[in-house]
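Peer 1: Sharing entry.txt here; it has compact mmCIF, C-alpha atoms.
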# COMPACT_ATOMS: atom_id res chain seq x y z
CA MET A 15 114.04 -16.42 -116.17
CA GLU A 16 114.19 -14.47 -119.37
CA THR A 17 112.72 -15.63 -122.64
CA SER A 18 116.15 -15.94 -124.29
CA GLU A 19 117.33 -18.25 -121.48
CA ARG A 20 114.26 -20.42 -121.91
CA GLU A 21 114.76 -20.54 -125.66
CA SER A 22 118.40 -21.49 -125.13
CA LYS A 23 117.45 -24.30 -122.73
CA VAL A 24 114.74 -25.57 -125.10
CA GLN A 25 117.21 -25.53 -127.96
CA LYS A 26 119.76 -27.47 -125.89
CA LEU A 27 117.11 -30.04 -124.98
CA GLU A 28 116.08 -30.41 -128.62
CA THR A 29 119.71 -30.95 -129.60
CA ALA A 30 120.17 -33.54 -126.85
CA LEU A 31 117.03 -35.39 -127.97
CA ALA A 32 118.19 -35.39 -131.59
CA VAL A 33 121.57 -36.82 -130.56
CA GLN A 34 119.85 -39.49 -128.45
CA GLU A 35 117.56 -40.46 -131.33
CA ALA A 36 120.49 -40.68 -133.73
CA SER A 37 122.41 -42.85 -131.27
CA MET A 38 119.43 -45.17 -130.87
CA ALA A 39 119.00 -45.46 -134.63
CA GLY A 40 122.69 -46.28 -135.01
CA ALA A 41 122.50 -48.92 -132.28
CA GLN A 42 119.47 -50.53 -133.93
CA ALA A 43 121.19 -50.59 -137.32
CA THR A 44 124.29 -52.16 -135.77
CA GLN A 45 122.20 -54.79 -134.04
CA ALA A 46 120.34 -55.63 -137.25
CA ALA A 47 123.61 -55.95 -139.18
CA THR A 48 125.11 -58.15 -136.48
CA GLN A 49 122.10 -60.42 -136.47
CA ALA A 50 122.13 -60.69 -140.27
CA GLY A 51 125.82 -61.59 -140.16
CA MET A 52 125.23 -64.24 -137.52
CA THR A 53 122.38 -65.74 -139.54
CA SER A 54 124.45 -65.95 -142.72
CA THR A 55 127.38 -67.44 -140.81
CA PHE A 56 125.12 -70.09 -139.31
CA ALA A 57 123.64 -70.92 -142.73
CA ALA A 58 127.13 -71.25 -144.23
CA THR A 59 128.22 -73.49 -141.38
CA GLN A 60 125.19 -75.72 -141.81
CA GLY A 61 125.76 -75.90 -145.56
CA GLY A 62 129.40 -76.85 -145.04
CA THR A 63 128.48 -79.51 -142.50
CA TRP A 64 125.97 -81.13 -144.84
CA ALA A 65 128.43 -80.97 -147.74
CA VAL A 66 131.13 -82.72 -145.72
CA MET A 67 128.67 -85.36 -144.54
CA GLY A 68 127.52 -85.95 -148.12
CA VAL A 69 131.05 -86.26 -149.46
CA GLY A 70 132.06 -88.58 -146.63
CA SER A 71 129.00 -90.82 -146.79
CA ALA A 72 129.33 -91.72 -150.49
CA PRO A 73 132.65 -93.59 -150.10
CA LEU A 74 131.35 -95.21 -146.93
CA ILE A 75 128.34 -96.66 -148.73
CA VAL A 76 130.50 -97.80 -151.66
CA GLY A 77 132.92 -99.39 -149.21
CA ILE A 78 130.10 -101.27 -147.45
CA PHE A 79 128.83 -102.74 -150.71
CA LEU A 80 132.37 -103.50 -151.88
CA GLY A 81 133.10 -105.29 -148.60
CA MET A 82 129.89 -107.32 -148.92
CA ALA A 83 130.84 -108.28 -152.47
CA ILE A 84 134.31 -109.36 -151.41
CA ALA A 85 132.92 -111.33 -148.45
CA LYS A 86 130.53 -113.26 -150.73
CA GLY A 87 133.19 -114.02 -153.30
Using structure tokens, write down the structure that the file contains.

Peer 2:
Amino acid sequence: METSERESKVQKLETALAVQEASMAGAQATQAATQAGMTSTFAATQGGTWAVMGVGSAPLIVGIFLGMAIAKG
């Protein structure tokens, strides 16, 4: 095998490794972005759930006390 053939093969291997590394970095970045999106979605869902529960519980408590007042009167 001639030196130029070896150099060509080494160059092709280096190119293939660079492409593989770039693909891996892209996959890791995509995974990190996906996980961040899922975390923020979960936090927003939790916040919305607690807000709805808070808004719904206030009239319930007022209604309980109002009903007790009416029952006594």

Peer 1: Show me, as JSON, the centre and edge lengths in Å to one decimal of the axis-aligned box that covers every listed atom of range 48-52 of chain A with 5 Å on each side.

Peer 2:
{"center_x": 124.0, "center_y": -61.2, "center_z": -138.4, "size_x": 13.7, "size_y": 16.1, "size_z": 13.8}

Peer 1: CA of Ala57 in chain A to CA of Ala72 in chain A: how many Å, to one decimal?

Peer 2: 22.9 Å

Peer 1: For the atom pair CA of Arg20 in chain A and CA of Ser37 in chain A, what is the interatomic distance in Å to one decimal place?

Peer 2: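 CA of Arg20 in chain A sits 25.6 Å away from CA of Ser37 in chain A.
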
Peer 1: Kindly add N, CA, C and O atoms to the incomplete range 57-82 of chain A and provide the output as a PDB file, keeping the file's coordinate frame.

Peer 2:
ATOM      1  N   ALA A  57     124.083 -70.224-141.510  1.00  0.00           N
ATOM      2  CA  ALA A  57     123.640 -70.920-142.730  1.00  0.00           C
ATOM      3  C   ALA A  57     124.840 -71.506-143.479  1.00  0.00           C
ATOM      4  O   ALA A  57     124.781 -72.637-143.974  1.00  0.00           O
ATOM      5  N   ALA A  58     125.930 -70.744-143.553  1.00  0.00           N
ATOM      6  CA  ALA A  58     127.130 -71.250-144.230  1.00  0.00           C
ATOM      7  C   ALA A  58     127.722 -72.438-143.488  1.00  0.00           C
ATOM      8  O   ALA A  58     128.166 -73.417-144.106  1.00  0.00           O
ATOM      9  N   THR A  59     127.705 -72.380-142.169  1.00  0.00           N
ATOM     10  CA  THR A  59     128.220 -73.490-141.380  1.00  0.00           C
ATOM     11  C   THR A  59     127.390 -74.745-141.590  1.00  0.00           C
ATOM     12  O   THR A  59     127.929 -75.843-141.767  1.00  0.00           O
ATOM     13  N   GLN A  60     126.075 -74.578-141.581  1.00  0.00           N
ATOM     14  CA  GLN A  60     125.190 -75.720-141.810  1.00  0.00           C
ATOM     15  C   GLN A  60     125.410 -76.311-143.201  1.00  0.00           C
ATOM     16  O   GLN A  60     125.455 -77.525-143.367  1.00  0.00           O
ATOM     17  N   GLY A  61     125.518 -75.435-144.187  1.00  0.00           N
ATOM     18  CA  GLY A  61     125.760 -75.900-145.560  1.00  0.00           C
ATOM     19  C   GLY A  61     127.070 -76.666-145.662  1.00  0.00           C
ATOM     20  O   GLY A  61     127.142 -77.716-146.312  1.00  0.00           O
ATOM     21  N   GLY A  62     128.111 -76.158-145.023  1.00  0.00           N
ATOM     22  CA  GLY A  62     129.400 -76.850-145.040  1.00  0.00           C
ATOM     23  C   GLY A  62     129.340 -78.190-144.342  1.00  0.00           C
ATOM     24  O   GLY A  62     129.927 -79.169-144.803  1.00  0.00           O
ATOM     25  N   THR A  63     128.617 -78.245-143.234  1.00  0.00           N
ATOM     26  CA  THR A  63     128.480 -79.510-142.500  1.00  0.00           C
ATOM     27  C   THR A  63     127.797 -80.556-143.361  1.00  0.00           C
ATOM     28  O   THR A  63     128.253 -81.709-143.444  1.00  0.00           O
ATOM     29  N   TRP A  64     126.700 -80.169-143.987  1.00  0.00           N
ATOM     30  CA  TRP A  64     125.970 -81.130-144.840  1.00  0.00           C
ATOM     31  C   TRP A  64     126.805 -81.548-146.046  1.00  0.00           C
ATOM     32  O   TRP A  64     126.756 -82.706-146.477  1.00  0.00           O
ATOM     33  N   ALA A  65     127.587 -80.630-146.597  1.00  0.00           N
ATOM     34  CA  ALA A  65     128.430 -80.970-147.740  1.00  0.00           C
ATOM     35  C   ALA A  65     129.494 -81.996-147.340  1.00  0.00           C
ATOM     36  O   ALA A  65     129.733 -82.976-148.055  1.00  0.00           O
ATOM     37  N   VAL A  66     130.109 -81.778-146.186  1.00  0.00           N
ATOM     38  CA  VAL A  66     131.130 -82.720-145.720  1.00  0.00           C
ATOM     39  C   VAL A  66     130.509 -84.086-145.436  1.00  0.00           C
ATOM     40  O   VAL A  66     131.076 -85.121-145.774  1.00  0.00           O
ATOM     41  N   MET A  67     129.340 -84.085-144.823  1.00  0.00           N
ATOM     42  CA  MET A  67     128.670 -85.360-144.540  1.00  0.00           C
ATOM     43  C   MET A  67     128.311 -86.084-145.842  1.00  0.00           C
ATOM     44  O   MET A  67     128.440 -87.308-145.934  1.00  0.00           O
ATOM     45  N   GLY A  68     127.866 -85.335-146.836  1.00  0.00           N
ATOM     46  CA  GLY A  68     127.520 -85.950-148.120  1.00  0.00           C
ATOM     47  C   GLY A  68     128.731 -86.533-148.821  1.00  0.00           C
ATOM     48  O   GLY A  68     128.693 -87.649-149.341  1.00  0.00           O
ATOM     49  N   VAL A  69     129.830 -85.783-148.814  1.00  0.00           N
ATOM     50  CA  VAL A  69     131.050 -86.260-149.460  1.00  0.00           C
ATOM     51  C   VAL A  69     131.626 -87.466-148.720  1.00  0.00           C
ATOM     52  O   VAL A  69     132.121 -88.407-149.326  1.00  0.00           O
ATOM     53  N   GLY A  70     131.520 -87.470-147.404  1.00  0.00           N
ATOM     54  CA  GLY A  70     132.060 -88.580-146.630  1.00  0.00           C
ATOM     55  C   GLY A  70     131.188 -89.823-146.671  1.00  0.00           C
ATOM     56  O   GLY A  70     131.685 -90.946-146.551  1.00  0.00           O
ATOM     57  N   SER A  71     129.894 -89.654-146.835  1.00  0.00           N
ATOM     58  CA  SER A  71     129.000 -90.820-146.790  1.00  0.00           C
ATOM     59  C   SER A  71     129.038 -91.626-148.096  1.00  0.00           C
ATOM     60  O   SER A  71     128.826 -92.838-148.063  1.00  0.00           O
ATOM     61  N   ALA A  72     129.303 -90.992-149.212  1.00  0.00           N
ATOM     62  CA  ALA A  72     129.330 -91.720-150.490  1.00  0.00           C
ATOM     63  C   ALA A  72     130.406 -92.809-150.497  1.00  0.00           C
ATOM     64  O   ALA A  72     130.104 -93.974-150.802  1.00  0.00           O
ATOM     65  N   PRO A  73     131.648 -92.511-150.147  1.00  0.00           N
ATOM     66  CA  PRO A  73     132.650 -93.590-150.100  1.00  0.00           C
ATOM     67  C   PRO A  73     132.327 -94.650-149.053  1.00  0.00           C
ATOM     68  O   PRO A  73     132.636 -95.831-149.243  1.00  0.00           O
ATOM     69  N   LEU A  74     131.722 -94.243-147.971  1.00  0.00           N
ATOM     70  CA  LEU A  74     131.350 -95.210-146.930  1.00  0.00           C
ATOM     71  C   LEU A  74     130.362 -96.229-147.476  1.00  0.00           C
ATOM     72  O   LEU A  74     130.536 -97.442-147.287  1.00  0.00           O
ATOM     73  N   ILE A  75     129.353 -95.764-148.170  1.00  0.00           N
ATOM     74  CA  ILE A  75     128.340 -96.660-148.730  1.00  0.00           C
ATOM     75  C   ILE A  75     128.972 -97.577-149.789  1.00  0.00           C
ATOM     76  O   ILE A  75     128.722 -98.782-149.818  1.00  0.00           O
ATOM     77  N   VAL A  76     129.812 -96.994-150.640  1.00  0.00           N
ATOM     78  CA  VAL A  76     130.500 -97.800-151.660  1.00  0.00           C
ATOM     79  C   VAL A  76     131.378 -98.853-150.983  1.00  0.00           C
ATOM     80  O   VAL A  76     131.414-100.023-151.389  1.00  0.00           O
ATOM     81  N   GLY A  77     132.073 -98.457-149.939  1.00  0.00           N
ATOM     82  CA  GLY A  77     132.920 -99.390-149.210  1.00  0.00           C
ATOM     83  C   GLY A  77     132.136-100.523-148.577  1.00  0.00           C
ATOM     84  O   GLY A  77     132.597-101.679-148.559  1.00  0.00           O
ATOM     85  N   ILE A  78     130.949-100.221-148.044  1.00  0.00           N
ATOM     86  CA  ILE A  78     130.100-101.270-147.450  1.00  0.00           C
ATOM     87  C   ILE A  78     129.721-102.293-148.515  1.00  0.00           C
ATOM     88  O   ILE A  78     129.846-103.507-148.304  1.00  0.00           O
ATOM     89  N   PHE A  79     129.241-101.809-149.651  1.00  0.00           N
ATOM     90  CA  PHE A  79     128.830-102.740-150.710  1.00  0.00           C
ATOM     91  C   PHE A  79     130.030-103.506-151.277  1.00  0.00           C
ATOM     92  O   PHE A  79     129.929-104.694-151.606  1.00  0.00           O
ATOM     93  N   LEU A  80     131.165-102.849-151.392  1.00  0.00           N
ATOM     94  CA  LEU A  80     132.370-103.500-151.880  1.00  0.00           C
ATOM     95  C   LEU A  80     132.811-104.603-150.901  1.00  0.00           C
ATOM     96  O   LEU A  80     133.174-105.716-151.312  1.00  0.00           O
ATOM     97  N   GLY A  81     132.764-104.304-149.613  1.00  0.00           N
ATOM     98  CA  GLY A  81     133.100-105.290-148.600  1.00  0.00           C
ATOM     99  C   GLY A  81     132.159-106.466-148.610  1.00  0.00           C
ATOM    100  O   GLY A  81     132.584-107.635-148.467  1.00  0.00           O
ATOM    101  N   MET A  82     130.875-106.219-148.828  1.00  0.00           N
ATOM    102  CA  MET A  82     129.890-107.320-148.920  1.00  0.00           C
ATOM    103  C   MET A  82     130.172-108.175-150.141  1.00  0.00           C
ATOM    104  O   MET A  82     130.072-109.413-150.084  1.00  0.00           O
TER     105      MET A  82
END
